[in-house]
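Next comes final15.txt, a file with compact mmCIF, C-alpha atoms.
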```txt
# COMPACT_ATOMS: atom_id res chain seq x y z
CA MET A 245 -80.00 24.04 106.88
CA VAL A 246 -77.42 24.75 104.18
CA ARG A 247 -77.57 28.35 102.92
CA ALA A 248 -75.58 30.11 100.20
CA PRO A 249 -76.24 32.85 97.66
CA CYS A 250 -75.75 30.86 94.48
CA LEU A 251 -74.82 27.51 93.02
CA LEU A 252 -71.12 28.33 92.85
CA LEU A 253 -70.90 29.23 96.53
CA LEU A 254 -73.18 26.35 97.43
CA LEU A 255 -70.80 23.88 95.88
CA LEU A 256 -67.52 25.52 96.77
CA LEU A 257 -68.10 27.50 99.96
CA LEU A 258 -70.51 25.38 101.96
CA PRO A 259 -70.00 25.13 105.75
CA MET A 260 -68.00 22.08 106.71
CA LEU A 261 -70.22 19.16 107.71
CA CYS A 262 -69.33 16.06 109.71
CA VAL A 263 -68.53 13.25 107.30
CA SER A 264 -67.95 9.60 108.08
CA GLU A 265 -64.48 8.38 107.18
CA THR A 266 -66.03 5.43 105.36
CA THR A 267 -68.14 7.62 103.06
CA PRO A 268 -66.60 7.80 99.56
CA GLU A 269 -65.73 11.31 98.49
CA PRO A 270 -67.82 12.56 95.54
CA CYS A 271 -65.03 15.00 94.57
CA GLU A 272 -61.50 14.27 93.42
CA VAL A 273 -58.64 16.68 92.83
CA ASP A 274 -55.52 15.93 90.82
CA ASP A 275 -52.09 16.05 92.40
CA ASP A 276 -51.38 19.54 91.05
CA ASP A 277 -54.64 21.07 92.30
CA VAL A 278 -55.47 22.03 88.72
CA ARG A 279 -58.54 19.92 87.98
CA CYS A 280 -61.35 18.95 90.32
CA PHE A 281 -64.18 16.57 89.38
CA CYS A 282 -67.37 16.07 91.43
CA ASN A 283 -70.21 13.66 90.84
CA PHE A 284 -72.96 13.91 93.45
CA THR A 285 -74.87 10.70 92.73
CA ASP A 286 -75.46 9.65 96.34
CA PRO A 287 -79.11 9.94 97.53
CA GLN A 288 -77.86 12.22 100.31
CA PRO A 289 -74.83 13.90 98.73
CA ASP A 290 -72.07 15.40 100.79
CA TRP A 291 -71.95 18.86 99.20
CA SER A 292 -69.11 19.92 101.49
CA SER A 293 -66.78 17.67 99.49
CA ALA A 294 -66.69 20.45 96.92
CA PHE A 295 -64.46 22.38 99.32
CA GLN A 296 -61.58 20.47 97.75
CA CYS A 297 -62.17 22.37 94.52
CA MET A 298 -61.48 25.82 95.92
CA ALA A 299 -57.85 25.80 94.75
CA ALA A 300 -58.55 24.24 91.34
CA VAL A 301 -58.32 26.01 88.00
CA GLU A 302 -60.73 23.68 86.23
CA VAL A 303 -63.83 22.41 88.05
CA GLU A 304 -66.44 19.95 86.78
CA ILE A 305 -69.55 19.31 88.90
CA HIS A 306 -72.38 16.90 88.13
CA GLY A 307 -75.52 16.93 90.26
CA GLY A 308 -76.67 13.37 89.67
CA GLY A 309 -79.83 14.52 87.86
CA ARG A 310 -81.40 15.89 91.04
CA SER A 311 -83.24 19.17 91.52
CA LEU A 312 -81.38 22.03 93.18
CA GLU A 313 -84.50 23.74 94.51
CA GLN A 314 -83.31 23.13 98.07
CA PHE A 315 -80.80 25.97 97.56
CA LEU A 316 -83.36 28.61 96.48
CA LYS A 317 -83.54 30.18 99.95
CA GLY A 318 -80.07 31.63 99.52
CA ALA A 319 -80.53 32.75 95.91
CA ASP A 320 -81.68 36.29 96.81
CA ALA A 321 -78.56 37.12 98.85
CA ASP A 322 -76.39 40.00 97.64
CA PRO A 323 -73.26 38.44 96.06
CA LYS A 324 -71.21 41.54 96.98
CA GLN A 325 -70.76 40.19 100.49
CA TYR A 326 -68.86 37.22 98.98
CA ALA A 327 -67.03 39.24 96.30
CA ASP A 328 -63.56 39.11 97.86
CA MET A 329 -63.79 35.39 98.45
CA VAL A 330 -64.89 34.70 94.84
CA LYS A 331 -62.17 36.94 93.45
CA ALA A 332 -59.56 34.87 95.27
CA LEU A 333 -60.57 31.66 93.48
CA ARG A 334 -58.21 30.35 90.76
CA LEU A 335 -61.21 29.15 88.79
CA ARG A 336 -60.90 29.62 85.01
CA ARG A 337 -62.96 26.77 83.53
CA LEU A 338 -66.21 25.49 85.05
CA THR A 339 -68.58 22.72 83.94
CA VAL A 340 -71.96 22.18 85.61
CA GLY A 341 -74.19 19.33 84.51
CA SER A 342 -76.81 16.69 85.26
CA ALA A 343 -79.26 18.70 87.35
CA GLN A 344 -82.57 20.52 87.40
CA VAL A 345 -81.80 24.17 88.06
CA PRO A 346 -84.41 26.85 88.78
CA ALA A 347 -83.84 29.87 86.53
CA VAL A 348 -83.68 32.12 89.62
CA LEU A 349 -80.82 30.02 91.00
CA LEU A 350 -79.01 30.10 87.65
CA VAL A 351 -79.15 33.91 87.63
CA ALA A 352 -77.81 34.06 91.20
CA PHE A 353 -75.04 31.72 90.08
CA LEU A 354 -74.12 34.04 87.19
CA ARG A 355 -74.22 37.13 89.39
CA ALA A 356 -71.76 35.55 91.84
CA LEU A 357 -69.49 34.58 88.96
CA SER A 358 -69.28 38.24 87.93
CA TYR A 359 -66.61 38.63 90.63
CA SER A 360 -64.63 35.61 89.47
CA ARG A 361 -61.88 35.24 86.86
CA LEU A 362 -63.84 32.55 85.06
CA LYS A 363 -63.29 32.48 81.29
CA GLU A 364 -64.95 29.25 80.11
CA LEU A 365 -68.35 28.04 81.27
CA THR A 366 -70.00 24.79 80.15
CA LEU A 367 -73.58 23.81 80.98
CA GLN A 368 -74.61 20.30 79.96
CA ASN A 369 -77.54 17.98 80.57
CA LEU A 370 -79.42 20.63 82.52
CA GLU A 371 -83.12 21.40 82.80
CA VAL A 372 -83.67 25.07 83.60
CA THR A 373 -87.07 25.41 85.22
CA GLY A 374 -89.21 28.50 85.67
CA ALA A 375 -88.96 31.94 84.13
CA MET A 376 -85.79 33.98 84.14
CA PRO A 377 -86.01 36.91 86.60
CA PRO A 378 -85.95 40.47 85.22
CA LEU A 379 -82.59 42.17 84.90
CA LEU A 380 -81.66 44.11 88.02
CA LEU A 381 -80.20 47.59 87.87
CA GLU A 382 -76.40 47.42 87.52
CA ALA A 383 -76.50 43.63 87.87
CA THR A 384 -74.16 41.70 85.63
CA GLY A 385 -72.59 38.30 85.11
CA PRO A 386 -69.16 36.84 84.28
CA ALA A 387 -66.81 38.12 81.59
CA LEU A 388 -66.68 34.86 79.64
CA SER A 389 -64.64 34.22 76.53
CA THR A 390 -66.27 30.81 75.85
CA LEU A 391 -69.79 29.59 76.60
CA SER A 392 -70.76 26.00 75.77
CA LEU A 393 -74.21 24.49 76.18
CA ARG A 394 -75.10 20.86 75.45
CA ASN A 395 -78.54 19.35 75.98
CA VAL A 396 -79.86 22.25 78.05
CA SER A 397 -83.64 22.74 78.08
CA TRP A 398 -85.33 26.01 78.99
CA ALA A 399 -88.85 26.72 80.15
CA THR A 400 -88.79 29.95 78.14
CA GLY A 401 -88.45 28.24 74.74
CA GLY A 402 -86.55 30.09 72.03
CA ALA A 403 -86.20 33.25 74.13
CA TRP A 404 -83.60 31.59 76.34
CA LEU A 405 -80.53 32.98 74.57
CA ALA A 406 -81.71 36.58 74.74
CA GLU A 407 -82.53 36.17 78.43
CA LEU A 408 -79.22 34.47 79.18
CA GLN A 409 -77.28 37.04 77.18
CA GLN A 410 -78.33 39.91 79.41
CA TRP A 411 -76.58 38.25 82.36
CA LEU A 412 -73.23 38.04 80.56
CA LYS A 413 -70.70 40.80 80.11
CA PRO A 414 -69.99 41.79 76.49
CA GLY A 415 -66.88 40.18 75.05
CA LEU A 416 -67.96 36.57 74.47
CA LYS A 417 -65.77 35.17 71.69
CA VAL A 418 -66.87 31.52 71.34
CA LEU A 419 -70.43 30.19 71.59
CA ASN A 420 -71.09 26.44 71.31
CA ILE A 421 -74.68 25.17 71.33
CA ALA A 422 -75.29 21.43 70.85
CA GLN A 423 -78.40 19.26 71.23
CA ALA A 424 -80.48 22.37 71.75
CA HIS A 425 -84.21 22.02 72.31
CA SER A 426 -84.88 25.32 70.52
CA LEU A 427 -82.75 27.51 68.27
CA ALA A 428 -85.61 29.65 66.93
CA PHE A 429 -84.41 32.86 68.54
CA PRO A 430 -86.65 35.96 68.59
CA CYS A 431 -84.21 38.24 66.79
CA SER A 432 -85.87 41.43 68.01
CA GLN A 433 -84.96 40.51 71.60
CA LEU A 434 -81.44 39.31 70.87
CA ARG A 435 -78.60 41.77 71.38
CA THR A 436 -75.58 41.99 69.13
CA PHE A 437 -72.60 39.77 69.93
CA PRO A 438 -69.90 42.34 69.08
CA ALA A 439 -66.84 40.16 69.83
CA LEU A 440 -68.12 36.68 68.88
CA THR A 441 -65.71 35.13 66.39
CA THR A 442 -66.76 31.45 66.59
CA LEU A 443 -70.30 30.08 66.48
CA ASP A 444 -70.62 26.30 66.70
CA LEU A 445 -74.10 24.86 66.14
CA SER A 446 -72.88 21.31 65.55
CA ASP A 447 -74.74 18.23 66.78
CA ASN A 448 -78.17 19.73 66.20
CA PRO A 449 -79.41 17.26 63.56
CA GLY A 450 -82.90 18.76 63.51
CA LEU A 451 -81.69 22.27 62.74
CA GLY A 452 -81.68 22.18 58.94
CA GLU A 453 -81.24 25.12 56.64
CA ASP A 454 -84.55 26.75 57.61
CA GLY A 455 -83.60 26.48 61.27
CA LEU A 456 -80.19 27.96 60.49
CA THR A 457 -81.89 30.96 58.91
CA ALA A 458 -83.92 31.44 62.09
CA ALA A 459 -80.89 31.03 64.36
CA LEU A 460 -78.61 33.40 62.44
CA CYS A 461 -80.34 36.61 63.35
CA PRO A 462 -79.38 39.32 60.82
CA HIS A 463 -76.52 41.61 61.82
CA LYS A 464 -76.16 40.09 65.31
CA PHE A 465 -72.78 38.47 64.60
CA PRO A 466 -70.64 41.20 62.97
CA ALA A 467 -67.27 39.72 64.03
CA LEU A 468 -68.00 36.08 63.11
CA ARG A 469 -64.97 34.32 61.61
CA ALA A 470 -65.76 30.61 62.03
CA LEU A 471 -69.14 28.87 61.62
CA ALA A 472 -69.36 25.14 62.47
CA LEU A 473 -72.42 23.13 61.39
CA ARG A 474 -71.29 19.52 61.78
CA ASN A 475 -74.16 17.03 61.96
CA ALA A 476 -76.70 19.85 61.83
CA GLY A 477 -79.12 18.60 59.18
CA MET A 478 -77.65 20.67 56.36
CA GLU A 479 -78.60 19.43 52.87
CA THR A 480 -76.75 21.56 50.32
CA PRO A 481 -73.87 24.03 50.50
CA ASN A 482 -75.99 26.44 48.49
CA GLY A 483 -78.73 26.38 51.13
CA VAL A 484 -76.20 27.26 53.82
CA CYS A 485 -74.90 30.06 51.63
CA VAL A 486 -78.42 31.50 51.34
CA ALA A 487 -78.85 31.43 55.14
CA MET A 488 -75.51 33.17 55.69
CA ALA A 489 -76.34 35.82 53.10
CA ALA A 490 -79.66 36.55 54.81
CA ALA A 491 -77.86 37.00 58.14
CA GLY A 492 -75.10 39.13 56.68
CA VAL A 493 -72.34 37.03 58.25
CA GLN A 494 -68.87 36.94 56.66
CA PRO A 495 -67.06 33.88 58.09
CA HIS A 496 -63.54 32.91 57.05
CA SER A 497 -64.14 29.19 57.66
CA LEU A 498 -67.23 27.01 57.31
CA ASP A 499 -67.51 23.42 58.58
CA LEU A 500 -70.27 21.34 56.94
CA SER A 501 -68.73 17.94 57.69
CA HIS A 502 -70.81 14.98 58.90
CA ASN A 503 -73.94 16.16 57.06
CA SER A 504 -75.69 14.18 54.33
CA LEU A 505 -75.04 16.69 51.57
CA ARG A 506 -76.43 16.46 48.05
CA ALA A 507 -76.26 18.46 44.86
CA THR A 508 -78.28 21.66 44.61
CA ALA A 509 -81.67 21.02 43.02
CA PRO A 510 -82.16 22.42 39.48
CA GLY A 511 -83.82 25.81 39.55
CA ALA A 512 -82.72 26.60 43.10
CA PRO A 513 -81.84 30.25 43.61
CA GLY A 514 -78.18 31.06 43.22
CA CYS A 515 -76.08 32.50 46.01
CA VAL A 516 -72.99 34.65 46.26
CA TRP A 517 -70.60 33.26 48.86
CA PRO A 518 -68.94 35.65 51.34
CA SER A 519 -65.75 37.02 49.84
CA THR A 520 -63.99 36.34 53.16
CA LEU A 521 -64.57 32.56 53.04
CA ASN A 522 -61.28 30.73 52.44
CA SER A 523 -61.80 27.37 54.20
CA LEU A 524 -64.64 24.90 53.54
CA ASN A 525 -64.90 21.48 55.21
CA LEU A 526 -67.07 18.98 53.30
CA SER A 527 -65.56 15.82 54.77
CA PHE A 528 -67.70 12.82 55.82
CA ALA A 529 -70.64 14.24 53.84
CA GLY A 530 -71.49 11.31 51.58
CA LEU A 531 -70.66 13.28 48.43
CA GLU A 532 -70.39 11.36 45.16
CA GLN A 533 -69.14 14.41 43.26
CA VAL A 534 -67.91 17.88 44.07
CA PRO A 535 -70.94 20.19 44.47
CA LYS A 536 -71.26 22.93 41.90
CA GLY A 537 -71.30 26.58 42.84
CA LEU A 538 -68.64 26.43 45.55
CA PRO A 539 -66.75 29.60 46.46
CA ALA A 540 -64.31 30.58 43.73
CA LYS A 541 -61.48 31.43 46.13
CA LEU A 542 -60.66 28.79 48.71
CA SER A 543 -57.29 28.03 50.21
CA VAL A 544 -58.64 24.90 51.93
CA LEU A 545 -61.29 22.52 50.58
CA ASP A 546 -61.61 19.35 52.67
CA LEU A 547 -63.21 16.46 50.76
CA ARG A 548 -61.93 13.58 52.88
CA CYS A 549 -63.96 10.43 53.45
CA ASN A 550 -66.63 10.98 50.82
CA ARG A 551 -67.93 8.66 48.11
CA LEU A 552 -66.21 10.38 45.19
CA ASN A 553 -65.87 7.92 42.31
CA ARG A 554 -62.88 9.76 40.86
CA VAL A 555 -60.38 12.47 41.68
CA PRO A 556 -62.01 15.87 41.05
CA GLY A 557 -60.78 17.68 37.96
CA LEU A 558 -59.29 21.12 38.28
CA GLU A 559 -62.28 22.63 36.50
CA GLU A 560 -64.42 21.37 39.42
CA LEU A 561 -62.19 22.83 42.10
CA PRO A 562 -61.96 26.44 43.19
CA LYS A 563 -59.04 28.37 41.71
CA GLU A 564 -57.22 28.50 45.02
CA ALA A 565 -57.40 24.70 45.33
CA GLU A 566 -55.91 24.37 41.84
CA GLN A 567 -53.04 26.65 42.79
CA GLU A 568 -52.44 24.64 45.96
CA LEU A 569 -52.14 21.46 43.88
CA LEU A 570 -49.67 23.06 41.49
CA ALA A 571 -47.67 24.46 44.43
CA ARG A 572 -47.31 20.94 45.88
CA VAL A 573 -46.18 19.65 42.47
CA GLN A 574 -43.68 22.49 42.20
CA SER A 575 -42.10 21.77 45.58
CA THR A 576 -41.71 18.09 44.63
CA LEU A 577 -40.10 18.83 41.27
CA GLY A 578 -37.69 21.23 42.93
CA LEU A 579 -35.90 18.24 44.50
CA VAL A 580 -34.50 17.29 41.07
CA ALA A 581 -32.23 20.34 41.02
CA ARG A 582 -30.78 19.10 44.33
CA GLY A 583 -29.69 15.82 42.79
CA TYR A 584 -32.64 13.63 43.74
CA SER A 585 -34.47 11.27 41.40
CA VAL A 586 -38.12 12.23 41.52
CA SER A 587 -41.20 10.48 40.19
CA LEU A 588 -44.55 12.22 40.39
CA LEU A 589 -47.78 10.33 39.73
CA LEU A 590 -50.99 12.31 39.15
CA ARG A 591 -54.07 10.12 39.10
CA GLY A 592 -57.56 10.89 37.87
CA ARG A 593 -56.54 13.76 35.55
CA GLU A 594 -57.46 12.04 32.29
CA THR A 595 -60.43 14.36 31.73
CA GLU A 596 -58.48 17.44 32.76
CA THR A 597 -58.61 20.63 30.78
CA PRO A 598 -55.56 21.33 28.59
CA ARG A 599 -54.30 24.15 30.79
CA LEU A 600 -52.77 21.72 33.30
CA VAL A 601 -50.25 20.23 30.83
CA PRO A 602 -48.58 23.53 29.84
CA GLN A 603 -48.23 24.52 33.49
CA LEU A 604 -46.69 21.17 34.38
CA LEU A 605 -44.29 21.44 31.44
CA GLN A 606 -43.22 24.89 32.54
CA MET A 607 -42.59 23.60 36.04
CA LEU A 608 -40.66 20.61 34.71
CA PHE A 609 -38.18 22.80 32.87
CA GLU A 610 -37.95 25.59 35.46
CA GLU A 611 -37.72 23.54 38.64
CA THR A 612 -35.29 20.94 37.28
CA LEU A 613 -32.67 23.48 36.20
CA PRO A 614 -29.48 23.02 38.25
CA HIS A 615 -28.71 25.69 40.83
CA ARG A 616 -25.97 28.20 40.02
CA GLY A 617 -22.59 26.79 40.96
CA ALA A 618 -23.83 23.20 40.97
CA VAL A 619 -21.68 20.43 39.55
CA PRO A 620 -22.53 19.94 35.84
CA GLY A 621 -24.60 16.86 35.17
CA VAL A 622 -27.21 15.33 32.94
CA SER A 623 -30.92 15.27 33.80
CA THR A 624 -33.47 13.17 31.99
CA LEU A 625 -37.07 14.37 31.94
CA SER A 626 -40.11 12.40 30.91
CA LEU A 627 -43.78 13.30 30.94
CA VAL A 628 -45.57 9.98 30.64
CA GLN A 629 -49.27 9.54 30.01
CA LEU A 630 -50.84 6.29 31.20
CA SER A 631 -54.18 5.75 29.47
CA PRO A 632 -56.95 3.42 30.70
CA SER A 633 -56.48 1.31 27.55
CA GLY A 634 -52.99 0.37 28.67
CA LYS A 635 -51.09 2.59 26.25
CA THR A 636 -48.11 4.45 27.63
CA GLN A 637 -46.66 7.49 25.87
CA ASP A 638 -43.84 9.89 26.67
CA LEU A 639 -45.29 13.26 25.74
CA LEU A 640 -41.79 14.77 25.51
CA SER A 641 -40.64 12.22 22.96
CA PRO A 642 -40.60 13.64 19.39
CA GLY A 643 -42.38 10.62 17.97
CA ARG A 644 -44.70 10.08 20.93
CA GLU A 645 -44.54 6.36 20.22
CA ASN A 646 -45.99 3.88 22.64
CA LEU A 647 -43.54 2.73 25.30
CA SER A 648 -43.05 -0.99 25.60
CA VAL A 649 -41.10 -0.79 28.84
CA LEU A 650 -41.49 1.74 31.68
CA ASP A 651 -39.10 1.50 34.64
CA VAL A 652 -39.82 3.97 37.43
CA SER A 653 -38.00 2.70 40.50
CA PRO A 654 -39.26 5.16 43.13
CA LEU A 655 -42.86 4.26 42.27
CA GLY A 656 -42.21 0.56 41.93
CA LEU A 657 -43.37 0.55 38.30
```
For this file, write the structure as C-alpha cells.
Amino acid sequence: MVRAPCLLLLLLLLPMLCVSETTPEPCEVDDDDVRCFCNFTDPQPDWSSAFQCMAAVEVEIHGGGRSLEQFLKGADADPKQYADMVKALRLRRLTVGSAQVPAVLLVAFLRALSYSRLKELTLQNLEVTGAMPPLLLEATGPALSTLSLRNVSWATGGAWLAELQQWLKPGLKVLNIAQAHSLAFPCSQLRTFPALTTLDLSDNPGLGEDGLTAALCPHKFPALRALALRNAGMETPNGVCVAMAAAGVQPHSLDLSHNSLRATAPGAPGCVWPSTLNSLNLSFAGLEQVPKGLPAKLSVLDLRCNRLNRVPGLEELPKEAEQELLARVQSTLGLVARGYSVSLLLRGRETETPRLVPQLLQMLFEETLPHRGAVPGVSTLSLVQLSPSGKTQDLLSPGRENLSVLDVSPLGL
C-alpha cells in the first residue's frame, strides 16, 4: 500500500517500486534537470517514476483524469515530519492537472507545500470533490507569487476562492482564473488580497459585466495594477468602467481584447474612469468606430485588428494618444535637420479639427532647422493636401494653386 501525507509527496517521494525495464516511463526530465513532465495515463500508473522530478525546478504532472482518492489514507499525516525533505527541493513552478482530487487531499497538498520554495502553482482540468476541511490552528500553505487555475470545478460553488485563500500565505501577486465554473464570490467571506497586482479573468466567456461586478468584490483588491478580461463576455467599455468603479479598483492597464464590443447604448449611465488608467487594449474587438467616453488620459490605446472604416480622428482619441501621434511625427521630421530627405504621409485626417495643422506647421519649421555648426544648405518644405476628389494643393504655396505634378520619391508617388 502506497502511503504519503499529500499529493506532492505522493508524486515525488513515493517508495521505490519494482518496474519492468520494458515499461515506458510516464515522466521525462530534460538534460539540465530543470523541467520534468509526467503524464500518468496508464491504467496502472507507475507513480514512482515521479522520483525523477525531485531535482527539477519546474514540474508538470497530469493524472490521466483518474481519481486520487486512493491517497486519502495519508492525507491526515503531519507534514512537519517531511519539512526538511520538502525544503530541500528545487521546485519553483508546479502544474497539476487532469485528475479528480478530494478537497481534503488538496489541503494536505497545500500544507506540505508550505515548507517548499514554490512560487508559481497552476491547477488545470481538475475536479475538486467534497467540502474543504476547516482551517487548522497555525496551519498554512505556500507563499505563492502566482496562482493560475484553468477549468477547475469545486463542490463548494462560488465559495471556493474564499476557502482556498485561507490556505495560502499573504503575498499573492498574480491570480489567473480561466474557464471557471463559478466566479460569483461571496464577498463577505473573501479576505483582502493586499499584494495582488494582476488579476486575469480572461477566457471566461460567460462572465459578462454583471458577473464581473460580482467577481470584483469591493475593496478586496487595493493594490491591483493590471486587469485582463480577454474573451470574457464584455459588451461595452462603459459597462466595465461601472463594474470597476463599484469595486473601487484603480488599475493602470485594462485588457478588453477579444470581446465583441459595441457602442454604449443611449441613456446608459455615465462612468468616471480611474485616474490611474493609462493603457487600454481594445484589439480584436470587432469595433467599427472608436467607442465614446474612453479615458481622457491614455498613453497606450490598442485598436489593432478591428473593423474601423477609417483612421480615427484626433477628436475621437484621448489626449495622450494625440500627443503620442504628434511625438512620432516630430521624431520623423527631425531627420531633415540631419540631411535626410523625409516624406511623411498622414492618412484619414481629412475630417480632422483645425488644431492639427498649426501644430504640424510649427513642427515643420522647428524640427527642420539646421543644427548649430551644420554646413549651410537649402531645405525645401511642402505641406501637401491630397483630397478625395483628386485635387492636390501645397498649403505653403502663396497661391495654393492645384499641383499638376507631385514627385515624392521616398513614397513612390
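Across the model, the gap from CA of Phe429 (chain A) to CA of Leu405 (chain A) is 7.2 Å.
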Checklist entry - So what do you get for CA of Pro346 (chain A) versus CA of Thr373 (chain A), distance-wise? => result 4.7 Å
Next on the checklist: For a test of reading the model, state the distance in Å between CA of Leu542 (chain A) and CA of Val493 (chain A), rounded to one decimal.
Outcome noted: 17.2 Å
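Distances from A:Ser358, A:Ala540, A:Arg469, A:Ala507 to Ser519 (chain A) were compared using all atoms listed in the file, and the smallest one belongs to A:Ala540.
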Checklist entry - Looking at A:Lys413, A:Arg551, A:Arg474, A:Lys541, which one is nearest to Asn525 (chain A), with distances taken over all atoms listed in the file? => result A:Arg474
Checklist entry - Which one of A:Lys324, A:Arg548, A:Arg506, A:Lys417 sits closest to Leu531 (chain A) if you count only C-alpha atoms? => result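 Checking each of A:Lys324, A:Arg548, A:Arg506, A:Lys417 against Leu531 (chain A), counting only C-alpha atoms, the winner is A:Arg506.
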Next on the checklist: What's around Ser504 (chain A) at 7 Å? Count only C-alpha atoms, leave out sequence neighbours fewer than 4 positions away in its own chain, and write the answer as JSON, numbers by chain.
Outcome noted: {"A": [479, 529, 530]}
Next on the checklist: Give me the residues near Gln423 (chain A) as a PyMOL selection string, where near means some atom within 12 Å (using only C-alpha atoms) and where sequence neighbours in that chain fewer than 2 positions away do not count.
Outcome noted: chain A and resi 367-370+392-397+420-421+425-427+444-451+474-476
Checklist entry - Which neighbours of region 431-433 of chain A fall inside 10 Å, counting all atoms listed in the file, when residues of the same chain fewer than 6 positions from it are skipped, and could you give them as a VMD selection string? => result chain A and resid 402 to 403 405 to 407 458 to 464
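The residue set within 7 Å of region 296-310 of chain A, counting all atoms listed in the file and dropping same-chain residues fewer than 5 places from it, reads Leu256, Val273, Asp277, Val278, Arg279, Cys280, Phe281, Cys282, Asn283, Phe284, Thr285, Leu333, Arg334, Leu335, Arg336, Arg337, Leu338, Thr339, Val340, Gly341, Ser342, Ala343 and Gln344 of chain A.
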Next on the checklist: So that I can see what lies close to Asn522 (chain A), please list as an MDAnalysis selection string the residues with an atom at most 12 Å from it, counting only C-alpha atoms and leaving out residues fewer than 5 positions away in the same chain.
Outcome noted: chainID A and resid 469:470 494:499 517 538:546 562:565
Region 474-489 of chain A from the block above: N, CA, C and O atoms written as a PDB file, in the first residue's frame:
```pdb
ATOM      1  N   ARG A 474      -9.825  39.390 -21.389  1.00  0.00           N
ATOM      2  CA  ARG A 474      -9.901  38.913 -22.767  1.00  0.00           C
ATOM      3  C   ARG A 474     -10.939  37.787 -22.877  1.00  0.00           C
ATOM      4  O   ARG A 474     -10.969  36.893 -22.041  1.00  0.00           O
ATOM      5  N   ASN A 475     -11.757  37.863 -23.921  1.00  0.00           N
ATOM      6  CA  ASN A 475     -12.740  36.807 -24.160  1.00  0.00           C
ATOM      7  C   ASN A 475     -13.529  36.499 -22.885  1.00  0.00           C
ATOM      8  O   ASN A 475     -13.626  35.350 -22.445  1.00  0.00           O
ATOM      9  N   ALA A 476     -14.084  37.537 -22.293  1.00  0.00           N
ATOM     10  CA  ALA A 476     -14.795  37.382 -21.018  1.00  0.00           C
ATOM     11  C   ALA A 476     -16.242  37.865 -21.099  1.00  0.00           C
ATOM     12  O   ALA A 476     -16.857  38.136 -20.072  1.00  0.00           O
ATOM     13  N   GLY A 477     -16.777  37.976 -22.316  1.00  0.00           N
ATOM     14  CA  GLY A 477     -18.174  38.352 -22.456  1.00  0.00           C
ATOM     15  C   GLY A 477     -18.468  39.807 -22.177  1.00  0.00           C
ATOM     16  O   GLY A 477     -19.629  40.169 -21.931  1.00  0.00           O
ATOM     17  N   MET A 478     -17.445  40.664 -22.229  1.00  0.00           N
ATOM     18  CA  MET A 478     -17.676  42.090 -22.025  1.00  0.00           C
ATOM     19  C   MET A 478     -18.361  42.677 -23.256  1.00  0.00           C
ATOM     20  O   MET A 478     -18.090  42.259 -24.380  1.00  0.00           O
ATOM     21  N   GLU A 479     -19.262  43.650 -23.053  1.00  0.00           N
ATOM     22  CA  GLU A 479     -20.035  44.218 -24.152  1.00  0.00           C
ATOM     23  C   GLU A 479     -19.680  45.657 -24.465  1.00  0.00           C
ATOM     24  O   GLU A 479     -19.646  46.053 -25.639  1.00  0.00           O
ATOM     25  N   THR A 480     -19.433  46.468 -23.448  1.00  0.00           N
ATOM     26  CA  THR A 480     -19.074  47.866 -23.670  1.00  0.00           C
ATOM     27  C   THR A 480     -17.985  48.278 -22.691  1.00  0.00           C
ATOM     28  O   THR A 480     -17.975  47.822 -21.540  1.00  0.00           O
ATOM     29  N   PRO A 481     -17.066  49.141 -23.117  1.00  0.00           N
ATOM     30  CA  PRO A 481     -16.085  49.664 -22.165  1.00  0.00           C
ATOM     31  C   PRO A 481     -16.743  50.381 -20.987  1.00  0.00           C
ATOM     32  O   PRO A 481     -16.258  50.302 -19.862  1.00  0.00           O
ATOM     33  N   ASN A 482     -17.851  51.054 -21.247  1.00  0.00           N
ATOM     34  CA  ASN A 482     -18.528  51.780 -20.179  1.00  0.00           C
ATOM     35  C   ASN A 482     -19.048  50.828 -19.105  1.00  0.00           C
ATOM     36  O   ASN A 482     -18.979  51.118 -17.907  1.00  0.00           O
ATOM     37  N   GLY A 483     -19.553  49.657 -19.528  1.00  0.00           N
ATOM     38  CA  GLY A 483     -20.027  48.682 -18.549  1.00  0.00           C
ATOM     39  C   GLY A 483     -18.910  48.164 -17.659  1.00  0.00           C
ATOM     40  O   GLY A 483     -19.106  47.916 -16.463  1.00  0.00           O
ATOM     41  N   VAL A 484     -17.733  47.984 -18.240  1.00  0.00           N
ATOM     42  CA  VAL A 484     -16.576  47.553 -17.447  1.00  0.00           C
ATOM     43  C   VAL A 484     -16.167  48.654 -16.477  1.00  0.00           C
ATOM     44  O   VAL A 484     -15.818  48.398 -15.316  1.00  0.00           O
ATOM     45  N   CYS A 485     -16.237  49.891 -16.953  1.00  0.00           N
ATOM     46  CA  CYS A 485     -15.904  51.025 -16.091  1.00  0.00           C
ATOM     47  C   CYS A 485     -16.819  51.069 -14.875  1.00  0.00           C
ATOM     48  O   CYS A 485     -16.364  51.305 -13.749  1.00  0.00           O
ATOM     49  N   VAL A 486     -18.116  50.824 -15.085  1.00  0.00           N
ATOM     50  CA  VAL A 486     -19.076  50.832 -13.978  1.00  0.00           C
ATOM     51  C   VAL A 486     -18.735  49.749 -12.960  1.00  0.00           C
ATOM     52  O   VAL A 486     -18.782  49.969 -11.743  1.00  0.00           O
ATOM     53  N   ALA A 487     -18.362  48.549 -13.452  1.00  0.00           N
ATOM     54  CA  ALA A 487     -18.012  47.450 -12.548  1.00  0.00           C
ATOM     55  C   ALA A 487     -16.766  47.771 -11.741  1.00  0.00           C
ATOM     56  O   ALA A 487     -16.691  47.481 -10.535  1.00  0.00           O
ATOM     57  N   MET A 488     -15.772  48.390 -12.385  1.00  0.00           N
ATOM     58  CA  MET A 488     -14.543  48.746 -11.672  1.00  0.00           C
ATOM     59  C   MET A 488     -14.821  49.831 -10.641  1.00  0.00           C
ATOM     60  O   MET A 488     -14.257  49.817  -9.533  1.00  0.00           O
ATOM     61  N   ALA A 489     -15.672  50.775 -10.985  1.00  0.00           N
ATOM     62  CA  ALA A 489     -15.995  51.845 -10.037  1.00  0.00           C
ATOM     63  C   ALA A 489     -16.696  51.292  -8.805  1.00  0.00           C
ATOM     64  O   ALA A 489     -16.438  51.727  -7.673  1.00  0.00           O
TER      65      ALA A 489
END
```
